[in-house]
file target37.txt (compact mmCIF, C-alpha atoms and all ligand atoms)
# COMPACT_ATOMS: atom_id res chain seq x y z
CA MET X 26 90.93 70.45 127.08
CA ILE X 27 90.58 72.50 130.22
CA SER X 28 93.22 72.50 132.86
CA LEU X 29 92.09 71.10 136.14
CA GLY X 30 94.85 72.56 138.19
CA VAL X 31 96.40 69.37 139.52
CA GLY X 32 100.08 69.75 140.20
CA LYS X 33 102.97 67.71 138.96
CA MET X 34 102.40 64.00 138.72
CA GLY X 35 104.74 61.56 140.27
CA ASP X 36 104.84 59.32 143.23
CA GLN X 37 102.66 61.53 145.33
CA GLN X 38 100.63 59.24 147.50
CA ILE X 39 96.97 60.06 147.32
CA LEU X 40 95.34 57.27 149.24
CA GLN X 41 96.49 54.95 151.94
CA VAL X 42 94.22 52.27 153.34
CA GLU X 43 95.32 50.02 156.14
CA GLY X 44 93.57 47.06 157.70
CA LEU X 45 90.01 48.14 156.92
CA GLU X 46 87.33 46.04 158.60
CA LYS X 47 83.58 46.10 158.31
CA SER X 48 80.97 43.64 159.51
CA TYR X 49 77.22 43.80 159.05
CA ARG X 50 74.68 42.14 161.21
CA ILE X 51 71.91 40.37 159.38
CA LYS X 52 69.44 39.01 161.92
CA LYS X 53 71.59 36.93 164.26
CA ASP X 54 74.53 36.47 161.92
CA TRP X 55 77.46 38.75 161.35
CA ILE X 56 78.88 39.09 157.86
CA ARG X 57 82.48 40.19 157.59
CA ALA X 58 82.00 42.25 154.46
CA VAL X 59 85.57 43.64 154.49
CA ARG X 60 88.50 41.95 156.21
CA SER X 61 91.82 43.64 156.72
CA VAL X 62 91.90 45.45 153.39
CA SER X 63 95.05 47.49 152.76
CA LEU X 64 96.10 49.31 149.64
CA ASP X 65 97.57 52.54 148.41
CA LEU X 66 97.30 54.70 145.37
CA SER X 67 99.60 57.26 143.77
CA ALA X 68 98.87 60.26 141.60
CA GLY X 69 98.12 59.31 138.02
CA GLU X 70 97.47 55.69 138.88
CA VAL X 71 94.41 53.58 138.01
CA LEU X 72 93.76 50.68 140.36
CA ALA X 73 91.12 48.15 139.29
CA PHE X 74 89.37 46.75 142.31
CA LEU X 75 87.91 43.45 141.18
CA GLY X 76 85.90 40.72 142.82
CA PRO X 77 82.71 38.67 142.50
CA ASN X 78 79.30 39.95 143.67
CA GLY X 79 79.28 40.48 147.40
CA ALA X 80 83.09 40.45 147.68
CA GLY X 81 83.17 43.77 149.54
CA LYS X 82 84.13 46.25 146.82
CA THR X 83 81.35 48.78 147.34
CA THR X 84 81.66 48.59 151.11
CA SER X 85 85.41 49.27 150.84
CA ILE X 86 84.88 52.15 148.43
CA LYS X 87 82.26 53.71 150.70
CA MET X 88 84.70 53.54 153.60
CA MET X 89 87.36 55.23 151.45
CA ALA X 90 84.82 57.91 150.50
CA GLY X 91 84.05 58.59 154.16
CA LEU X 92 80.46 57.36 153.77
CA VAL X 93 80.58 54.15 155.80
CA ARG X 94 82.45 54.12 159.08
CA PRO X 95 84.98 51.29 159.33
CA ASP X 96 84.94 48.98 162.36
CA GLY X 97 88.71 49.03 162.23
CA GLY X 98 91.66 50.17 160.18
CA LYS X 99 92.38 53.55 158.66
CA VAL X 100 91.89 55.60 155.55
CA ARG X 101 94.19 58.51 154.69
CA ILE X 102 93.57 60.79 151.76
CA LEU X 103 96.54 63.09 151.15
CA GLY X 104 97.40 62.30 154.73
CA GLY X 105 94.03 63.32 156.19
CA ASP X 106 91.31 61.16 157.72
CA PRO X 107 87.99 61.51 155.85
CA HIS X 108 86.13 60.14 158.86
CA ARG X 109 87.43 62.80 161.24
CA GLU X 110 88.34 65.83 159.14
CA ALA X 111 85.51 67.01 156.92
CA PRO X 112 87.77 69.17 154.67
CA VAL X 113 89.50 65.98 153.51
CA LEU X 114 86.33 65.13 151.61
CA ARG X 115 87.15 67.95 149.20
CA HIS X 116 89.89 65.73 147.79
CA VAL X 117 87.43 62.94 146.92
CA GLY X 118 85.05 62.57 144.01
CA ALA X 119 82.96 59.42 143.83
CA VAL X 120 80.53 57.82 141.46
CA LEU X 121 78.81 55.17 143.49
CA GLU X 122 76.86 52.12 142.46
CA GLY X 123 73.28 52.72 141.41
CA ASN X 124 71.50 55.92 140.49
CA ARG X 125 71.86 58.03 143.57
CA ASN X 126 74.70 60.24 142.41
CA LEU X 127 72.53 62.89 140.78
CA TYR X 128 69.28 64.75 141.31
CA TRP X 129 67.07 63.42 138.59
CA ARG X 130 64.75 66.39 138.49
CA LEU X 131 67.58 68.87 138.02
CA THR X 132 69.47 69.58 134.81
CA PRO X 133 73.16 68.64 134.40
CA GLU X 134 74.08 72.30 134.89
CA GLU X 135 72.05 72.54 138.10
CA ASN X 136 73.52 69.29 139.40
CA LEU X 137 77.04 70.53 138.77
CA GLU X 138 76.37 73.83 140.48
CA TYR X 139 74.59 72.21 143.43
CA PHE X 140 77.29 69.61 144.10
CA GLY X 141 80.07 72.11 143.45
CA VAL X 142 78.69 74.44 146.13
CA LEU X 143 78.10 71.49 148.47
CA ARG X 144 81.81 70.69 148.17
CA GLY X 145 82.94 74.17 148.98
CA LEU X 146 83.09 76.05 145.67
CA SER X 147 81.57 79.48 145.32
CA ARG X 148 78.49 79.59 143.18
CA ARG X 149 80.31 81.43 140.44
CA VAL X 150 83.22 78.98 140.33
CA ALA X 151 80.87 76.00 140.50
CA ARG X 152 78.91 77.35 137.58
CA SER X 153 81.94 78.03 135.41
CA ARG X 154 83.59 74.69 136.24
CA GLY X 155 80.29 73.02 135.48
CA ARG X 156 80.13 74.66 132.07
CA GLU X 157 83.70 73.64 131.27
CA LEU X 158 83.00 70.05 132.22
CA LEU X 159 79.78 69.90 130.22
CA ASP X 160 81.71 71.19 127.27
CA ARG X 161 84.49 68.72 127.71
CA PHE X 162 82.07 65.80 128.15
CA GLU X 163 80.14 66.90 125.07
CA LEU X 164 76.99 67.48 127.06
CA SER X 165 76.51 71.20 126.51
CA HIS X 166 73.51 70.61 124.26
CA LYS X 167 71.77 68.79 127.14
CA ARG X 168 72.58 71.23 129.89
CA ASN X 169 68.98 72.33 130.26
CA ALA X 170 67.33 68.89 130.02
CA VAL X 171 66.47 67.21 133.30
CA VAL X 172 68.80 64.32 134.11
CA GLN X 173 65.89 61.89 134.17
CA GLN X 174 65.41 62.45 130.44
CA LEU X 175 69.01 61.76 129.45
CA SER X 176 70.24 58.42 128.17
CA ARG X 177 72.01 56.13 130.62
CA GLY X 178 75.40 56.92 129.04
CA MET X 179 74.80 60.65 129.30
CA GLN X 180 73.69 60.30 132.92
CA GLN X 181 76.89 58.43 133.65
CA LYS X 182 78.95 61.18 132.04
CA VAL X 183 77.10 63.78 134.14
CA ALA X 184 77.81 61.70 137.26
CA ILE X 185 81.52 61.64 136.42
CA ALA X 186 81.48 65.39 135.71
CA VAL X 187 79.83 65.97 139.11
CA ALA X 188 82.55 63.86 140.75
CA LEU X 189 85.15 66.14 139.15
CA VAL X 190 83.54 69.52 139.70
CA HIS X 191 85.49 70.39 142.85
CA ASP X 192 88.78 69.25 141.29
CA PRO X 193 89.48 66.30 143.66
CA LYS X 194 92.67 64.24 143.60
CA LEU X 195 91.05 60.92 144.40
CA ILE X 196 88.32 59.54 142.17
CA LEU X 197 86.32 56.48 143.21
CA LEU X 198 84.33 54.89 140.42
CA ASP X 199 82.06 51.99 141.33
CA GLU X 200 81.09 50.21 138.10
CA PRO X 201 81.26 53.28 135.87
CA THR X 202 80.48 51.35 132.67
CA LEU X 203 77.59 49.28 134.00
CA GLY X 204 74.75 49.18 131.48
CA LEU X 205 76.52 51.33 128.89
CA ASP X 206 76.69 50.46 125.21
CA VAL X 207 79.96 49.96 123.35
CA GLU X 208 80.33 53.59 122.35
CA ALA X 209 79.45 55.05 125.75
CA THR X 210 81.84 52.54 127.37
CA MET X 211 84.61 53.80 125.08
CA VAL X 212 83.86 57.40 126.06
CA VAL X 213 83.99 56.56 129.77
CA LYS X 214 87.26 54.66 129.26
CA ARG X 215 88.75 57.68 127.50
CA LEU X 216 87.61 59.95 130.32
CA VAL X 217 89.15 57.66 132.94
CA ARG X 218 92.47 57.76 131.08
CA GLU X 219 92.34 61.54 130.80
CA ILE X 220 91.43 62.01 134.45
CA ALA X 221 94.36 59.81 135.50
CA ALA X 222 96.72 61.64 133.14
CA GLU X 223 95.85 64.87 134.95
CA GLY X 224 97.51 63.38 138.02
CA ARG X 225 94.47 62.10 139.86
CA GLY X 226 94.39 58.66 141.46
CA ILE X 227 91.52 56.45 140.39
CA ILE X 228 90.00 53.38 141.98
CA LEU X 229 87.66 51.60 139.67
CA THR X 230 85.47 48.58 140.25
CA THR X 231 84.05 46.71 137.32
CA HIS X 232 82.84 43.28 136.32
CA GLN X 233 84.02 43.96 132.77
CA LEU X 234 87.49 42.52 133.07
CA ASP X 235 88.50 43.65 129.60
CA VAL X 236 87.83 47.23 130.72
CA ALA X 237 89.96 46.65 133.82
CA GLU X 238 92.75 45.12 131.76
CA GLU X 239 92.77 48.03 129.39
CA LEU X 240 92.61 50.82 131.95
CA SER X 241 94.40 49.72 135.06
CA ASP X 242 98.01 50.07 136.09
CA ARG X 243 97.41 47.71 138.99
CA VAL X 244 94.71 45.32 140.08
CA ALA X 245 93.56 44.29 143.52
CA ILE X 246 91.38 41.19 143.58
CA ILE X 247 89.06 40.86 146.55
CA ASN X 248 87.11 37.76 147.51
CA GLN X 249 84.91 37.26 150.55
CA GLY X 250 86.15 40.51 152.03
CA SER X 251 89.90 39.87 151.67
CA ILE X 252 92.36 40.96 149.03
CA VAL X 253 93.67 37.74 147.49
CA ARG X 254 96.05 39.31 145.02
CA MET X 255 97.44 42.74 144.28
CA ALA X 256 99.92 43.34 141.49
CA ARG X 257 100.75 45.46 138.49
CA THR X 258 98.30 44.43 135.78
CA GLN X 259 101.02 43.58 133.27
CA ASP X 260 103.05 41.62 135.83
CA LEU X 261 100.01 39.59 136.78
CA ILE X 262 99.26 38.79 133.16
CA ALA X 263 102.90 37.89 132.52
CA ALA X 264 103.03 35.69 135.63
CA PHE X 265 99.93 33.80 134.58
CA SER X 266 101.00 33.57 130.96
CA GLY X 267 104.00 31.58 132.14
CA GLY X 268 106.23 30.17 129.44
CA LEU X 269 103.63 28.61 127.23
CA TYR X 270 104.51 28.85 123.54
CA GLU X 271 102.88 27.55 120.43
CA VAL X 272 104.92 26.65 117.34
CA VAL X 273 102.96 26.08 114.16
CA MET X 274 104.77 24.13 111.43
CA GLU X 275 103.88 23.91 107.77
CA ASP X 276 104.42 20.20 108.05
CA LEU X 277 105.35 18.00 111.00
CA PRO X 278 106.69 14.57 110.05
CA GLU X 279 106.07 11.72 112.49
CA ALA X 280 109.77 11.28 113.35
CA ILE X 281 110.17 14.95 114.28
CA ALA X 282 106.92 14.93 116.25
CA GLU X 283 108.20 12.00 118.33
CA LYS X 284 111.41 13.86 119.14
CA VAL X 285 109.66 16.99 120.37
CA VAL X 286 107.24 14.90 122.44
CA ALA X 287 110.21 13.10 123.99
CA LEU X 288 111.53 16.54 124.95
CA GLY X 289 108.30 17.31 126.87
CA ALA X 290 106.21 19.25 124.31
CA LEU X 291 102.71 18.34 123.11
CA VAL X 292 101.78 17.85 119.49
CA GLU X 293 98.43 18.41 117.88
CA GLY X 294 98.41 18.18 114.09
CA ASN X 295 101.11 20.58 112.93
CA THR X 296 101.03 22.56 116.17
CA ILE X 297 103.56 22.06 118.94
CA ARG X 298 102.70 23.30 122.42
CA VAL X 299 105.75 24.05 124.50
CA PRO X 300 104.98 24.29 128.23
CA GLU X 301 108.18 26.08 129.32
CA THR X 302 110.44 28.71 127.83
CA ASP X 303 113.48 26.51 128.51
CA LEU X 304 112.18 23.85 126.14
CA LEU X 305 111.48 26.24 123.29
CA TYR X 306 115.04 26.38 121.97
CA GLY X 307 115.40 22.58 122.03
CA VAL X 308 112.14 22.26 120.11
CA LEU X 309 113.24 24.84 117.54
CA ASP X 310 116.53 22.94 117.06
CA ILE X 311 114.66 19.72 116.34
CA VAL X 312 112.25 21.27 113.83
CA ARG X 313 114.91 23.45 112.24
CA PRO X 314 114.90 22.11 108.72
CA GLY X 315 111.10 22.44 108.52
CA VAL X 316 109.11 25.59 107.74
CA ILE X 317 107.88 27.39 110.87
CA LEU X 318 104.66 29.29 110.18
CA SER X 319 104.51 31.00 113.55
CA VAL X 320 105.84 31.02 117.09
CA SER X 321 103.59 32.71 119.61
CA ARG X 322 103.41 33.13 123.32
CA GLN X 323 100.12 32.31 124.90
CA GLN X 324 98.89 35.39 126.78
CA ALA X 325 96.70 34.94 129.78
CA ASN X 326 94.03 37.59 130.19
CA LEU X 327 92.54 39.10 133.28
CA THR X 328 89.40 36.99 132.95
CA ASP X 329 91.37 33.71 133.19
CA ILE X 330 93.42 35.04 136.07
CA PHE X 331 90.39 36.30 137.93
CA LEU X 332 88.57 32.99 137.62
CA GLU X 333 91.58 31.05 138.73
CA LEU X 334 92.25 33.24 141.76
CA VAL X 335 88.66 33.59 142.85
CA GLN X 336 87.56 30.01 142.27
CA GLY X 337 90.79 28.63 143.70
CA ASP X 338 89.96 30.54 146.83
CA ARG X 339 86.52 29.07 147.41
N1 LIG U 401 74.15 47.97 154.46
C1 LIG U 401 74.37 46.65 154.54
N2 LIG U 401 73.75 45.88 155.45
C2 LIG U 401 73.99 44.57 155.53
N3 LIG U 401 74.85 43.90 154.74
C3 LIG U 401 75.49 44.62 153.80
C4 LIG U 401 75.29 46.02 153.64
N4 LIG U 401 76.07 46.46 152.62
C5 LIG U 401 76.73 45.37 152.17
N5 LIG U 401 76.39 44.25 152.87
C6 LIG U 401 76.92 42.90 152.68
O1 LIG U 401 78.32 43.00 152.62
C7 LIG U 401 78.86 42.12 151.63
C8 LIG U 401 79.68 42.92 150.64
O2 LIG U 401 78.81 43.75 149.87
P1 LIG U 401 79.34 44.79 148.78
O3 LIG U 401 78.18 45.56 148.32
O4 LIG U 401 80.48 45.53 149.36
O5 LIG U 401 79.87 43.83 147.63
P2 LIG U 401 80.40 44.18 146.17
O6 LIG U 401 81.75 43.57 146.05
O7 LIG U 401 80.28 45.62 145.90
O8 LIG U 401 79.40 43.34 145.24
P3 LIG U 401 78.78 43.69 143.79
O9 LIG U 401 79.80 43.22 142.80
O10 LIG U 401 77.57 42.84 143.75
O11 LIG U 401 78.49 45.13 143.71
C9 LIG U 401 77.67 41.40 151.03
O12 LIG U 401 77.53 40.16 151.70
C10 LIG U 401 76.50 42.31 151.35
O13 LIG U 401 75.31 41.58 151.46
MG MG U 402 79.24 46.71 144.56

call {"tool": "encode", "arguments": {"input": "target37.txt", "output": "structure tokens", "more": "lines below"}}
Ligand SMILES: Nc1ncnc2c1ncn2[C@@H]1O[C@H](COP(=O)(O)OP(=O)(O)OP(=O)(O)O)[C@@H](O)[C@H]1O
Ligand SMILES: [Mg+2]
result
Amino acid sequence: MISLGVGKMGDQQILQVEGLEKSYRIKKDWIRAVRSVSLDLSAGEVLAFLGPNGAGKTTSIKMMAGLVRPDGGKVRILGGDPHREAPVLRHVGAVLEGNRNLYWRLTPEENLEYFGVLRGLSRRVARSRGRELLDRFELSHKRNAVVQQLSRGMQQKVAIAVALVHDPKLILLDEPTLGLDVEATMVVKRLVREIAAEGRGIILTTHQLDVAEELSDRVAIINQGSIVRMARTQDLIAAFSGGLYEVVMEDLPEAIAEKVVALGALVEGNTIRVPETDLLYGVLDIVRPGVILSVSRQQANLTDIFLELVQGDR
């Protein structure tokens, strides 16, 4: 793997967003696309930015990337304001929604060189970084094919390579796995992990909540322009998993079943559902002479949590 020259990881703050606001006027109505969005991101961290269609994810990301001017609030990237100080944009690499990240009539190599120079690299450095990235992304064999003729997965890899060419610390990925097959999705997931491990901060939007669950250190859930929940991914899953346990018995005689129900558990066949951790030990005491086949904790997943938070908010 090539070294991308990012310094020591740690708690270095890469992005700070405070109170972002954006409204759009559609005919006579105003839509508050983004309402008071605040978040931050440290080096090496992956934040999944989740929300239903129209929630305000892309608008927020474009404001972070310096592409859409906020009506209010502030964005700081390594302390600098991307809306006022052009050099700050050198710290940002973005893969935006849709197909406008690359020149379709140019080859991957030409795209890398073009965007590298645009972001301040010399032609020579842009070319050599481009080659390294094509190598690393296993695209060297396609370096002379025009982007238009590559598969969707390859195009997405080129787009990510282009976002990395100038060695930025902040990477914004808007639906990076959209439309990719299982294998290409796995490749992109691996790349995201590697990019974060190099000490970059990554914000990722996706509608594939399993991808978010696997990749993210934290999640921010946005609905109708506002962040409704932000937490460490594992904490959120633990909080929603609660203390629900399932005890499966080889056999559950009627008399025992009645006792555990009296304690507050539910019985279905030979399975006992225990709604709280506190009850678990009481239940185990009651069933003790019997054969326990399994005791498991019910794990919530990000999909359940997302639906509950977003629908509960409507
Ligand atoms: N340029 C624009 N002009 C007018 N309205 C816009 C514009 N861009 C976004 N909007 C509106 O702002 C709201 C948020 O849109 P945004 O694209 O940020 O959502 P999103 O969370 O990225 O959704 P998706 O998951 O579908 O990509 C929507 O109501 C959208 O119609
Ligand atoms: Mg979007």

call {"tool": "closest_residue", "arguments": {"input": "target37.txt", "among": "X:Gln324, X:Gln233, X:Asn78, X:Ser147", "to": "ligand MG 402 (chain U)", "atoms": "all atoms listed in the file"}}
result
X:Asn78

call {"tool": "residues_around", "arguments": {"input": "target37.txt", "residues": "region 287-294 of chain X", "least_positions_apart": "4", "cutoff": "9 Å", "atoms": "only C-alpha atoms", "output": "VMD selection string"}}
result
chain X and resid 276 to 277 282 to 283 298 to 301 304 to 305 307 to 308

call {"tool": "residues_around", "arguments": {"input": "target37.txt", "residues": "Met274 (chain X)", "least_positions_apart": "2", "cutoff": "12 Å", "atoms": "all atoms listed in the file", "output": "list in words"}}
result
Glu271, Val272, Asp276, Leu277, Pro278, Ile281, Ala282, Val292, Glu293, Gly294, Asn295, Thr296, Ile297, Arg298, Val308, Leu309, Ile311, Val312, Arg313, Pro314, Gly315, Val316, Ile317, Leu318, Ser319, Val320 and Ser321 of chain X

call {"tool": "closest_atom_pairs", "arguments": {"input": "target37.txt", "of": "chain X", "to": "ligand MG 402 (chain U)", "cutoff": "10 Å", "atoms": "all atoms listed in the file", "output": "JSON lines"}}
result
{"residue": "X:Leu75", "atom": "CA", "partner": "U:MG402", "partner_atom": "MG", "distance": 9.9}
{"residue": "X:Gly76", "atom": "CA", "partner": "U:MG402", "partner_atom": "MG", "distance": 9.1}
{"residue": "X:Pro77", "atom": "CA", "partner": "U:MG402", "partner_atom": "MG", "distance": 9.0}
{"residue": "X:Asn78", "atom": "CA", "partner": "U:MG402", "partner_atom": "MG", "distance": 6.8}
{"residue": "X:Gly79", "atom": "CA", "partner": "U:MG402", "partner_atom": "MG", "distance": 6.8}
{"residue": "X:Ala80", "atom": "CA", "partner": "U:MG402", "partner_atom": "MG", "distance": 8.0}
{"residue": "X:Gly81", "atom": "CA", "partner": "U:MG402", "partner_atom": "MG", "distance": 7.0}
{"residue": "X:Lys82", "atom": "CA", "partner": "U:MG402", "partner_atom": "MG", "distance": 5.4}
{"residue": "X:Thr83", "atom": "CA", "partner": "U:MG402", "partner_atom": "MG", "distance": 4.1}
{"residue": "X:Thr84", "atom": "CA", "partner": "U:MG402", "partner_atom": "MG", "distance": 7.2}
{"residue": "X:Ser85", "atom": "CA", "partner": "U:MG402", "partner_atom": "MG", "distance": 9.2}
{"residue": "X:Ile86", "atom": "CA", "partner": "U:MG402", "partner_atom": "MG", "distance": 8.7}
{"residue": "X:Lys87", "atom": "CA", "partner": "U:MG402", "partner_atom": "MG", "distance": 9.8}
{"residue": "X:Leu121", "atom": "CA", "partner": "U:MG402", "partner_atom": "MG", "distance": 8.5}
{"residue": "X:Glu122", "atom": "CA", "partner": "U:MG402", "partner_atom": "MG", "distance": 6.3}
{"residue": "X:Gly123", "atom": "CA", "partner": "U:MG402", "partner_atom": "MG", "distance": 9.0}
{"residue": "X:Asp199", "atom": "CA", "partner": "U:MG402", "partner_atom": "MG", "distance": 6.8}
{"residue": "X:Glu200", "atom": "CA", "partner": "U:MG402", "partner_atom": "MG", "distance": 7.6}
{"residue": "X:Thr230", "atom": "CA", "partner": "U:MG402", "partner_atom": "MG", "distance": 7.8}
{"residue": "X:Thr231", "atom": "CA", "partner": "U:MG402", "partner_atom": "MG", "distance": 8.7}
{"residue": "X:His232", "atom": "CA", "partner": "U:MG402", "partner_atom": "MG", "distance": 9.6}

call {"tool": "atom_distance", "arguments": {"input": "target37.txt", "atom1": "CA of Lys47 (chain X)", "atom2": "atom O4 of ligand LIG 401 (chain U)"}}
result
9.5 Å

call {"tool": "residues_around", "arguments": {"input": "target37.txt", "residues": "Val187 (chain X)", "least_positions_apart": "3", "cutoff": "10 Å", "atoms": "only C-alpha atoms", "output": "list of chain:residue names"}}
result
X:Gly118, X:Ala119, X:Val120, X:Asn126, X:Leu127, X:Pro133, X:Glu134, X:Asn136, X:Leu137, X:Glu138, X:Tyr139, X:Phe140, X:Gly141, X:Arg154, X:Gly155, X:Leu158, X:Leu159, X:Gln181, X:Lys182, X:Val183, X:Ala184, X:Val190, X:His191, X:Asp192
